[in-house]
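Structure below is my_file-v7.txt: compact mmCIF, C-alpha atoms and all ligand atoms.
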```txt
# COMPACT_ATOMS: atom_id res chain seq x y z
CA MET A 1 14.37 -28.09 -22.92
CA HIS A 2 14.17 -24.46 -21.79
CA ILE A 3 16.17 -22.45 -24.30
CA LEU A 4 17.25 -18.83 -24.10
CA VAL A 5 17.28 -17.42 -27.63
CA THR A 6 19.18 -14.13 -27.84
CA GLY A 7 18.27 -12.04 -30.89
CA GLY A 8 15.15 -14.17 -31.28
CA ALA A 9 13.12 -11.34 -32.80
CA GLY A 10 15.62 -11.15 -35.67
CA TYR A 11 15.70 -12.95 -38.98
CA ILE A 12 17.36 -16.28 -38.12
CA GLY A 13 16.39 -16.25 -34.44
CA SER A 14 12.67 -15.94 -35.20
CA HIS A 15 12.71 -18.91 -37.59
CA THR A 16 14.73 -20.97 -35.12
CA SER A 17 12.26 -20.08 -32.36
CA VAL A 18 9.45 -21.44 -34.54
CA VAL A 19 11.28 -24.72 -35.06
CA LEU A 20 12.18 -24.99 -31.36
CA LEU A 21 8.58 -24.41 -30.28
CA GLU A 22 7.30 -26.89 -32.85
CA ALA A 23 9.80 -29.46 -31.56
CA GLY A 24 8.28 -29.05 -28.08
CA HIS A 25 10.91 -26.86 -26.42
CA GLU A 26 10.20 -23.84 -24.21
CA VAL A 27 11.52 -20.61 -25.73
CA ILE A 28 12.60 -17.49 -23.87
CA ILE A 29 13.66 -14.70 -26.21
CA VAL A 30 15.80 -11.73 -25.26
CA ASP A 31 16.21 -9.03 -27.88
CA ASN A 32 16.76 -5.28 -27.62
CA LEU A 33 14.86 -4.77 -30.91
CA SER A 34 17.78 -2.75 -32.32
CA ASN A 35 17.28 -4.50 -35.67
CA SER A 36 13.86 -6.11 -35.36
CA LYS A 37 10.24 -5.45 -34.53
CA ILE A 38 8.06 -6.53 -31.64
CA GLU A 39 5.41 -7.78 -34.13
CA THR A 40 7.70 -10.68 -34.97
CA ILE A 41 7.14 -12.12 -31.49
CA ASP A 42 3.39 -12.25 -32.15
CA ARG A 43 3.99 -13.76 -35.57
CA ILE A 44 6.04 -16.57 -33.99
CA LYS A 45 3.13 -17.28 -31.64
CA GLN A 46 0.66 -17.08 -34.53
CA ILE A 47 2.60 -19.61 -36.62
CA THR A 48 3.22 -22.09 -33.81
CA LYS A 49 0.06 -21.47 -31.74
CA LYS A 50 2.37 -21.66 -28.71
CA GLU A 51 3.39 -19.24 -26.02
CA LEU A 52 6.86 -17.91 -25.38
CA ILE A 53 8.46 -15.44 -22.98
CA PHE A 54 10.00 -12.23 -24.34
CA TYR A 55 12.41 -9.82 -22.65
CA GLN A 56 13.30 -6.54 -24.31
CA GLU A 57 16.82 -6.22 -22.96
CA ASP A 58 20.37 -5.78 -24.19
CA VAL A 59 22.56 -8.83 -23.70
CA THR A 60 25.65 -6.71 -23.08
CA ASP A 61 23.86 -5.47 -19.93
CA GLU A 62 25.11 -7.78 -17.18
CA ALA A 63 22.45 -6.85 -14.64
CA ALA A 64 19.67 -7.56 -17.15
CA VAL A 65 21.21 -10.88 -18.20
CA ASP A 66 21.75 -11.89 -14.57
CA ALA A 67 18.10 -11.15 -13.80
CA ILE A 68 16.89 -13.24 -16.77
CA PHE A 69 19.06 -16.22 -15.80
CA SER A 70 17.88 -15.99 -12.20
CA ASN A 71 14.22 -16.09 -13.34
CA HIS A 72 14.58 -19.32 -15.35
CA SER A 73 16.34 -22.63 -15.34
CA PHE A 74 17.80 -22.78 -18.83
CA ASP A 75 19.08 -25.95 -20.43
CA GLY A 76 20.84 -24.05 -23.17
CA VAL A 77 21.45 -20.74 -24.91
CA ILE A 78 21.38 -20.00 -28.62
CA HIS A 79 23.19 -16.74 -29.16
CA PHE A 80 22.07 -14.89 -32.31
CA ALA A 81 22.12 -11.34 -30.95
CA GLY A 82 24.67 -9.21 -32.74
CA PHE A 83 25.23 -6.66 -35.45
CA LYS A 84 25.82 -8.07 -38.94
CA ALA A 85 26.34 -5.33 -41.55
CA VAL A 86 29.84 -5.78 -42.96
CA GLY A 87 30.13 -2.26 -44.41
CA GLU A 88 28.88 -0.61 -41.23
CA SER A 89 31.43 -2.61 -39.23
CA VAL A 90 34.23 -1.02 -41.27
CA GLU A 91 32.82 2.43 -40.51
CA PHE A 92 32.05 1.81 -36.82
CA PRO A 93 34.43 -0.92 -35.67
CA LEU A 94 34.00 -0.27 -31.95
CA LYS A 95 30.24 -0.61 -32.17
CA TYR A 96 30.75 -4.07 -33.71
CA TYR A 97 33.61 -5.30 -31.53
CA TYR A 98 31.75 -4.15 -28.43
CA ASN A 99 28.31 -5.57 -29.15
CA ASN A 100 29.35 -8.83 -30.74
CA THR A 101 32.13 -9.88 -28.39
CA VAL A 102 30.87 -8.41 -25.10
CA SER A 103 27.48 -10.08 -25.62
CA THR A 104 29.26 -13.43 -26.07
CA MET A 105 31.35 -12.92 -22.93
CA VAL A 106 28.41 -11.81 -20.79
CA LEU A 107 26.30 -14.78 -21.85
CA ALA A 108 29.13 -17.26 -21.29
CA LYS A 109 29.75 -15.73 -17.85
CA TYR A 110 26.14 -16.15 -16.75
CA CYS A 111 25.95 -19.65 -18.21
CA LEU A 112 28.84 -20.57 -15.92
CA LYS A 113 27.33 -18.75 -12.95
CA TYR A 114 23.96 -20.51 -13.31
CA GLY A 115 25.26 -23.91 -14.44
CA VAL A 116 23.88 -23.66 -17.99
CA LYS A 117 26.05 -26.04 -19.98
CA GLN A 118 24.90 -25.80 -23.58
CA PHE A 119 25.81 -22.90 -25.83
CA VAL A 120 25.10 -22.61 -29.54
CA PHE A 121 26.74 -19.70 -31.35
CA SER A 122 25.91 -17.99 -34.66
CA SER A 123 29.17 -17.88 -36.53
CA SER A 124 29.69 -17.29 -40.20
CA ALA A 125 31.43 -18.68 -43.27
CA THR A 126 33.24 -15.36 -43.35
CA VAL A 127 35.72 -16.81 -40.80
CA TYR A 128 37.24 -18.90 -43.62
CA GLY A 129 38.45 -15.79 -45.44
CA GLU A 130 39.92 -16.65 -48.84
CA ASN A 131 40.51 -20.34 -48.25
CA ASP A 132 39.96 -22.69 -51.22
CA VAL A 133 36.40 -23.92 -51.66
CA PRO A 134 34.72 -25.98 -50.39
CA PHE A 135 35.30 -24.69 -46.88
CA VAL A 136 35.94 -27.45 -44.34
CA GLU A 137 35.69 -27.02 -40.56
CA THR A 138 39.31 -28.12 -40.06
CA MET A 139 40.74 -25.30 -42.20
CA GLU A 140 42.92 -22.68 -40.60
CA LEU A 141 40.94 -19.44 -40.36
CA LEU A 142 42.23 -16.63 -42.58
CA PRO A 143 41.83 -12.85 -42.13
CA THR A 144 38.28 -11.76 -42.87
CA THR A 145 38.92 -8.21 -44.21
CA ASN A 146 36.34 -6.56 -41.92
CA PRO A 147 35.59 -6.02 -38.21
CA TYR A 148 32.31 -7.97 -38.42
CA GLY A 149 34.17 -11.10 -39.50
CA GLU A 150 36.78 -10.59 -36.81
CA THR A 151 34.06 -10.44 -34.13
CA LYS A 152 32.99 -13.93 -35.22
CA VAL A 153 36.56 -15.27 -35.09
CA ILE A 154 37.11 -13.68 -31.65
CA SER A 155 33.79 -14.97 -30.27
CA GLU A 156 34.65 -18.48 -31.50
CA ARG A 157 38.00 -18.26 -29.67
CA ILE A 158 36.41 -16.93 -26.47
CA LEU A 159 33.93 -19.80 -26.37
CA THR A 160 36.62 -22.35 -27.21
CA ASP A 161 38.76 -21.14 -24.30
CA VAL A 162 35.76 -21.12 -21.93
CA ALA A 163 35.05 -24.73 -22.91
CA LYS A 164 38.70 -25.70 -22.38
CA ALA A 165 38.62 -24.25 -18.88
CA ASN A 166 35.23 -25.83 -18.08
CA PRO A 167 35.24 -29.42 -19.34
CA ASP A 168 31.49 -29.93 -18.92
CA PHE A 169 30.64 -26.84 -21.02
CA ALA A 170 29.28 -27.78 -24.47
CA VAL A 171 29.68 -25.36 -27.35
CA SER A 172 28.47 -25.58 -30.92
CA LEU A 173 29.95 -23.06 -33.32
CA LEU A 174 27.65 -22.93 -36.34
CA ARG A 175 29.16 -21.37 -39.43
CA TYR A 176 26.29 -20.19 -41.57
CA PHE A 177 26.69 -19.78 -45.29
CA ASN A 178 24.16 -17.42 -46.96
CA PRO A 179 20.74 -17.63 -45.27
CA VAL A 180 17.85 -16.56 -47.52
CA GLY A 181 14.11 -17.15 -47.85
CA ALA A 182 11.43 -17.04 -45.21
CA HIS A 183 8.95 -19.17 -43.32
CA GLU A 184 6.55 -20.85 -45.76
CA SER A 185 3.65 -18.82 -44.29
CA GLY A 186 5.27 -15.57 -45.41
CA LEU A 187 4.58 -14.20 -41.90
CA ILE A 188 8.22 -13.85 -40.85
CA GLY A 189 11.28 -13.23 -42.98
CA GLU A 190 14.16 -10.89 -43.59
CA ASP A 191 13.22 -7.23 -43.42
CA PRO A 192 16.38 -5.11 -43.39
CA GLN A 193 16.14 -1.44 -42.53
CA GLY A 194 16.93 0.94 -45.38
CA ILE A 195 18.63 -0.23 -48.57
CA PRO A 196 19.60 -3.91 -48.24
CA ASN A 197 23.26 -4.94 -48.38
CA ASN A 198 22.57 -8.59 -49.14
CA LEU A 199 21.62 -9.99 -52.50
CA MET A 200 18.25 -11.70 -51.89
CA PRO A 201 16.53 -8.82 -50.06
CA TYR A 202 17.86 -6.49 -52.76
CA ILE A 203 16.39 -8.73 -55.48
CA THR A 204 12.96 -8.86 -53.81
CA LYS A 205 12.88 -5.06 -53.48
CA VAL A 206 13.81 -4.61 -57.15
CA ALA A 207 11.18 -7.16 -58.23
CA LYS A 208 8.61 -5.28 -56.15
CA GLY A 209 9.56 -1.97 -57.79
CA LYS A 210 10.84 -0.46 -54.53
CA LEU A 211 14.35 -0.21 -55.97
CA GLU A 212 15.11 0.50 -59.62
CA LYS A 213 17.62 -2.19 -60.48
CA LEU A 214 20.04 -4.66 -59.00
CA ARG A 215 23.71 -3.83 -59.28
CA ILE A 216 25.70 -7.01 -59.79
CA PHE A 217 29.10 -6.53 -58.24
CA GLY A 218 31.50 -7.85 -60.88
CA ASN A 219 31.32 -10.39 -63.71
CA ASP A 220 35.04 -10.98 -64.00
CA TYR A 221 35.52 -13.47 -61.16
CA PRO A 222 37.06 -16.86 -61.94
CA THR A 223 33.62 -18.53 -61.74
CA PRO A 224 31.54 -20.20 -64.51
CA ASP A 225 29.65 -16.99 -65.45
CA GLY A 226 32.03 -14.48 -63.84
CA THR A 227 29.67 -13.46 -61.02
CA GLY A 228 30.21 -14.29 -57.34
CA VAL A 229 29.30 -17.77 -56.14
CA ARG A 230 27.70 -18.40 -52.74
CA ASP A 231 26.09 -21.26 -50.85
CA TYR A 232 22.54 -20.01 -50.25
CA ILE A 233 20.65 -21.88 -47.56
CA HIS A 234 16.92 -21.67 -46.81
CA VAL A 235 16.46 -20.05 -43.39
CA MET A 236 14.14 -22.88 -42.29
CA ASP A 237 16.85 -25.44 -43.04
CA LEU A 238 19.25 -23.30 -41.06
CA ALA A 239 16.76 -23.12 -38.18
CA GLU A 240 16.42 -26.91 -38.21
CA GLY A 241 20.22 -27.17 -38.11
CA HIS A 242 20.21 -25.32 -34.77
CA VAL A 243 17.76 -27.70 -33.20
CA ALA A 244 19.80 -30.68 -34.46
CA ALA A 245 22.98 -29.11 -33.04
CA LEU A 246 21.34 -28.41 -29.69
CA GLU A 247 19.80 -31.83 -29.33
CA LYS A 248 23.14 -33.56 -30.12
CA LEU A 249 25.36 -31.27 -28.06
CA THR A 250 28.01 -32.93 -25.86
CA PRO A 251 30.77 -31.31 -23.76
CA GLY A 252 33.60 -29.70 -25.69
CA VAL A 253 33.65 -27.54 -28.81
CA HIS A 254 31.98 -28.65 -32.02
CA VAL A 255 32.19 -26.70 -35.26
CA TYR A 256 29.70 -27.20 -38.09
CA ASN A 257 29.17 -25.66 -41.48
CA LEU A 258 25.50 -25.05 -42.17
CA GLY A 259 25.06 -24.73 -45.91
CA THR A 260 23.82 -26.82 -48.82
CA GLY A 261 27.25 -27.61 -50.24
CA ARG A 262 26.21 -26.11 -53.57
CA GLY A 263 27.52 -22.86 -55.03
CA ILE A 264 25.10 -20.60 -56.96
CA SER A 265 26.16 -17.54 -58.93
CA VAL A 266 24.48 -14.14 -58.70
CA LEU A 267 23.15 -14.52 -62.24
CA GLU A 268 21.80 -18.02 -61.55
CA LEU A 269 19.96 -16.71 -58.48
CA VAL A 270 18.48 -13.80 -60.43
CA LYS A 271 17.31 -16.06 -63.28
CA THR A 272 15.80 -18.60 -60.89
CA PHE A 273 14.01 -15.85 -58.97
CA GLU A 274 12.50 -14.47 -62.20
CA GLU A 275 11.42 -17.89 -63.40
CA VAL A 276 9.93 -19.15 -60.13
CA ASN A 277 8.02 -15.97 -59.34
CA GLY A 278 7.17 -14.78 -62.86
CA VAL A 279 8.69 -11.35 -62.26
CA LYS A 280 11.47 -9.28 -63.79
CA VAL A 281 14.63 -8.27 -61.94
CA PRO A 282 16.36 -5.56 -63.98
CA TYR A 283 20.08 -5.46 -63.33
CA GLU A 284 23.32 -3.89 -64.44
CA ILE A 285 26.86 -5.15 -64.02
CA VAL A 286 29.06 -2.82 -62.02
CA GLY A 287 32.53 -3.12 -60.49
CA ARG A 288 33.45 -5.60 -57.76
CA ARG A 289 32.46 -4.74 -54.18
CA PRO A 290 35.57 -4.26 -52.02
CA GLY A 291 36.22 -7.19 -49.70
CA ASP A 292 34.11 -9.71 -51.70
CA ILE A 293 35.55 -13.11 -52.46
CA ALA A 294 34.88 -15.04 -55.67
CA GLU A 295 33.44 -18.20 -54.20
CA SER A 296 32.11 -19.48 -50.90
CA TYR A 297 30.48 -22.84 -50.39
CA ALA A 298 30.51 -25.46 -47.71
CA ASP A 299 31.67 -28.97 -47.25
CA VAL A 300 28.60 -30.16 -45.36
CA SER A 301 29.64 -33.73 -44.63
CA LYS A 302 30.37 -33.17 -40.92
CA ALA A 303 26.91 -31.83 -40.06
CA LYS A 304 25.37 -34.72 -41.97
CA ALA A 305 27.50 -37.38 -40.27
CA GLU A 306 27.36 -36.02 -36.73
CA LEU A 307 24.04 -34.16 -36.52
CA GLY A 308 22.09 -36.18 -39.07
CA TRP A 309 21.16 -32.85 -40.62
CA THR A 310 21.19 -31.75 -44.25
CA ALA A 311 19.48 -28.86 -46.01
CA LYS A 312 16.27 -30.11 -47.64
CA ARG A 313 15.05 -27.03 -49.48
CA GLY A 314 16.44 -25.92 -52.84
CA ILE A 315 17.07 -22.62 -54.54
CA ARG A 316 13.55 -22.51 -56.00
CA GLU A 317 11.93 -22.70 -52.56
CA MET A 318 14.33 -20.03 -51.31
CA CYS A 319 13.22 -17.69 -54.12
CA ARG A 320 9.53 -18.54 -53.68
CA ASP A 321 9.49 -17.94 -49.93
CA ALA A 322 11.57 -14.74 -50.06
CA TRP A 323 9.03 -13.38 -52.56
CA ARG A 324 6.05 -14.50 -50.49
CA TYR A 325 7.41 -12.58 -47.53
CA GLU A 326 8.15 -9.49 -49.62
CA CYS A 327 4.60 -9.52 -50.98
CA GLY A 328 3.10 -9.86 -47.51
CA VAL A 329 4.92 -6.95 -45.89
P1 LIG B 1 19.19 -9.85 -37.27
O1 LIG B 1 19.77 -8.49 -37.17
O2 LIG B 1 17.92 -10.03 -38.01
O3 LIG B 1 18.99 -10.48 -35.81
C1 LIG B 1 19.83 -10.15 -34.73
C2 LIG B 1 18.92 -9.74 -33.57
O4 LIG B 1 19.74 -9.43 -32.45
C3 LIG B 1 18.09 -8.49 -33.87
O5 LIG B 1 16.73 -8.78 -33.58
C4 LIG B 1 18.65 -7.42 -32.94
O6 LIG B 1 17.64 -6.54 -32.49
C5 LIG B 1 19.23 -8.26 -31.82
N1 LIG B 1 20.36 -7.67 -31.10
C6 LIG B 1 21.51 -7.15 -31.59
N2 LIG B 1 22.32 -6.78 -30.59
C7 LIG B 1 21.68 -7.08 -29.43
C8 LIG B 1 22.01 -6.95 -28.05
N3 LIG B 1 23.17 -6.42 -27.66
N4 LIG B 1 21.11 -7.37 -27.13
C9 LIG B 1 19.93 -7.92 -27.51
N5 LIG B 1 19.57 -8.07 -28.79
C10 LIG B 1 20.43 -7.66 -29.74
O7 LIG B 1 20.34 -10.81 -37.86
P2 LIG B 1 20.25 -12.32 -38.35
O8 LIG B 1 20.46 -12.34 -39.82
O9 LIG B 1 19.08 -13.00 -37.77
O10 LIG B 1 21.59 -12.88 -37.71
C11 LIG B 1 21.61 -13.54 -36.47
C12 LIG B 1 23.04 -13.94 -36.13
O11 LIG B 1 23.55 -14.75 -37.18
C13 LIG B 1 23.99 -12.73 -36.02
O12 LIG B 1 24.89 -12.99 -34.97
C14 LIG B 1 24.71 -12.74 -37.35
O13 LIG B 1 25.98 -12.17 -37.27
C15 LIG B 1 24.78 -14.22 -37.65
N6 LIG B 1 24.92 -14.50 -39.09
C16 LIG B 1 24.00 -14.00 -39.97
C17 LIG B 1 24.15 -14.24 -41.33
C18 LIG B 1 23.17 -13.66 -42.34
O14 LIG B 1 23.51 -13.61 -43.51
N7 LIG B 1 21.97 -13.25 -41.95
C19 LIG B 1 25.22 -15.00 -41.79
C20 LIG B 1 26.13 -15.52 -40.86
C21 LIG B 1 25.96 -15.26 -39.51
N1 LIG B 2 25.79 -8.99 -54.63
C1 LIG B 2 25.51 -8.22 -55.75
N2 LIG B 2 24.71 -7.12 -55.61
C2 LIG B 2 24.15 -6.77 -54.43
C3 LIG B 2 24.43 -7.56 -53.28
C4 LIG B 2 25.27 -8.64 -53.42
O1 LIG B 2 25.98 -8.52 -56.84
O2 LIG B 2 23.44 -5.74 -54.36
C5 LIG B 2 26.64 -10.19 -54.76
C6 LIG B 2 27.91 -10.17 -53.92
O3 LIG B 2 28.96 -9.56 -54.64
C7 LIG B 2 28.15 -11.65 -53.66
C8 LIG B 2 26.73 -12.23 -53.59
O4 LIG B 2 25.90 -11.29 -54.27
O5 LIG B 2 28.81 -12.26 -54.75
C9 LIG B 2 26.21 -12.40 -52.17
O6 LIG B 2 26.36 -11.18 -51.46
P1 LIG B 2 25.72 -10.96 -50.02
O7 LIG B 2 26.07 -9.57 -49.59
O8 LIG B 2 24.29 -11.36 -50.02
O9 LIG B 2 26.49 -12.05 -49.12
P2 LIG B 2 28.05 -12.23 -48.78
O10 LIG B 2 28.85 -11.31 -49.63
O11 LIG B 2 28.14 -11.90 -47.35
O12 LIG B 2 28.36 -13.65 -49.07
```
Starting from the file, give its structure as C-alpha cells.
Amino acid sequence: MHILVTGGAGYIGSHTSVVLLEAGHEVIIVDNLSNSKIETIDRIKQITKKELIFYQEDVTDEAAVDAIFSNHSFDGVIHFAGFKAVGESVEFPLKYYYNNTVSTMVLAKYCLKYGVKQFVFSSSATVYGENDVPFVETMELLPTTNPYGETKVISERILTDVAKANPDFAVSLLRYFNPVGAHESGLIGEDPQGIPNNLMPYITKVAKGKLEKLRIFGNDYPTPDGTGVRDYIHVMDLAEGHVAALEKLTPGVHVYNLGTGRGISVLELVKTFEEVNGVKVPYEIVGRRPGDIAESYADVSKAKAELGWTAKRGIREMCRDAWRYECGV
C-alpha cells in the first residue's frame, strides 16, 4: 500500500514509518518539522535500508495537501500531525484547536476528493476523562479538562460524521495510552524540546544528569502506592498496532484502545528504570498536577479480538530502550 503519514518525522510517526516500510508498504511523509528534526527522516532510512518520500509542508495548508494528493495515489492516510502538550493547550487554546482540528478536516476533505478511503487517526486515552478503569471503547466520553483533549474528541466526531456521510470511507480511531521507549537501535526516539512534560523523558534526563531530580506529582491518589497509575506502551508495539489497524480496515468507524492493559505507578516505573539501567533517578514528592487523573489503563480485548494485535514488550524493555535513545543523543 502507498501510505501518507502525516507527522511522520515525530515520535510515534517515525516508529510507525519504520514498521510500515519493514512490512513492505510505500511511505510518504508530510511534516512541517514544528516539533521534529529532518535527521529523523534519514534515521528511518538508515534503520530500514529503504527509501521514502518526504514533504516539508503544513497539513492545514490546503494547497500543499492538494498538491501532495495529486502527486500520488494513496491507499490510506495515517494522521499523526498535531500539537500534543496539554499545558500549552490551556495557555494557547486557539493554536491547538486550529492545528489539530483543521488538519483533520483538510486531510479528510482531500481523501474524499481523491478517493482515498482509509484513514487512521491518532487519538488518545484522554478522551475517556475520569471514567472508571479499565477504559473500554464503548464508554461515553467525559470532559477532558484541557483543549488538547477536546481536539481529540472533536476530531473523532468529525471523522465519524464524514464516515456516516460516505459509507465506503473507513476510519480507525486509535486511542493511545502512554507511549514510551524507542526503537531498539536507539536511533529514533522521543526528544522533546525544552523541559519534558511527560514522565519517561523526564526520568531519562534526570538519570543523565541533565535535570536535577524528578518531581512526582502526588502520592495521595487512591492507588496502591499513592502515585498516579498509567498504561505505558512501548512505541514499537504502538507502531505495530497502526499497521494491524490499517491492514484490517473496513468501511465504517472502528475505535481501538492501544495499550497493554496493565497499570503501572510512577514509583514502579522509576524503580524499574533504575534497576534495568543501573542508574539513579533522584526524586521528590510534590503536590498533584492540576488536571491529572488517578488511574488510566486500557481494556485491550477489542484490539486483540479484531486486529489480532497485542502489546508484546514489557515495562523493562520500555525503560531499556528509552535509556538507549537518551544515551545516543
Ligand atoms: P510529535 O510532536 O513527536 O509528532 C507530531 C509531528 O507532527 C511532529 O513531527 C510535528 O512537526 C508534526 N506536525 C504538527 N503539526 C503539523 C502540521 N500542521 N503539519 C505538518 N506537520 C505537523 O508527537 P507524537 O508523540 O509523535 O504524537 C503523534 C500524534 O499522536 C499526535 O496527534 C498526538 O496528539 C497523538 N498522541 C500522542 C501521545 C503521546 O503521549 N505521545 C498520546 C496520545 C496521542
Ligand atoms: N508525572 C510525574 N512527574 C512528571 C511527569 C509526570 O509525577 O514530571 C506523573 C503524572 O502525574 C502521571 C504520570 O506521571 O501520573 C504520567 O504523566 P505523563 O505526563 O507522562 O502522562 P499523562 O498524564 O498524559 O498520562
Problem - Cut-off 7 Å, all atoms listed in the file, neighbours of ligand LIG 1 (chain B) as an MDAnalysis selection string - result: chainID A and resid 6:13 30:36 57:60 80:84 99 103 122:125 175:179 190
Exercise for the section: Enumerate as a PyMOL selection string the residues within 9 Å of ligand LIG 2 (chain B), counting all atoms listed in the file. Expected result: chain A and resi 85-86+125-126+177-180+196-203+214-219+227-232+265-267+285-286+288-296
Handout entry: Coordinates-based distance that separates atom CA of Tyr297 of chain A from atom CA of Trp309 of chain A (Å, one decimal)
Key = 16.8 Å
Problem - Among listed residues A:Ala303, A:Val5, A:Val102, A:Ile38, nearest Ile158 of chain A (using all atoms listed in the file) - result: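 Closest candidate: A:Val102.
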Practice task
Could you check which of A:Glu247, A:Pro192, A:Val253, A:Ala67 is closest to His25 of chain A, using only C-alpha atoms?
Solution key: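 Comparing A:Glu247, A:Pro192, A:Val253, A:Ala67 against His25 of chain A, the winner is A:Glu247.
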Handout entry: d(atom CA of Met236 of chain A, atom CA of Asn257 of chain A) in Å
Key =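 Calculated distance between atom CA of Met236 of chain A and atom CA of Asn257 of chain A is 15.3 Å.
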Problem - Distance of atom CA of Lys213 of chain A from atom CA of Pro282 of chain A, expressed in Å to one decimal place - result: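 Taking atom CA of Pro282 of chain A and atom CA of Lys213 of chain A, their separation equals 5.0 Å.
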If I wrap all listed atoms of segment 11-26 of chain A in a box with edges along x, y and z and add 5 Å on each side, what are its centre and edge lengths in Å to one decimal, as JSON?
```
{"center_x": 12.3, "center_y": -21.2, "center_z": -31.6, "size_x": 20.1, "size_y": 26.5, "size_z": 24.8}
```
Practice task
Name the residues in contact with Thr48 of chain A at a cut-off of 9 Å, using all atoms listed in the file, excluding same-chain residues fewer than 6 positions from it; report them as a ChimeraX atom specification.
Solution key: /A:18-19,21-22
Fill in the blank from the handout: Nearest to Arg320 of chain A, restricted to all atoms listed in the file and choosing among A:Ile53, A:Leu142, A:Ala207, A:Val276, comes out as A:Val276
Practice task
Have a look at A:Lys208, A:Arg262, A:Lys312, A:Lys248 and name the one nearest to Arg324 of chain A; count all atoms listed in the file.
Solution key: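 The answer is A:Lys208, which sits nearest to Arg324 of chain A.
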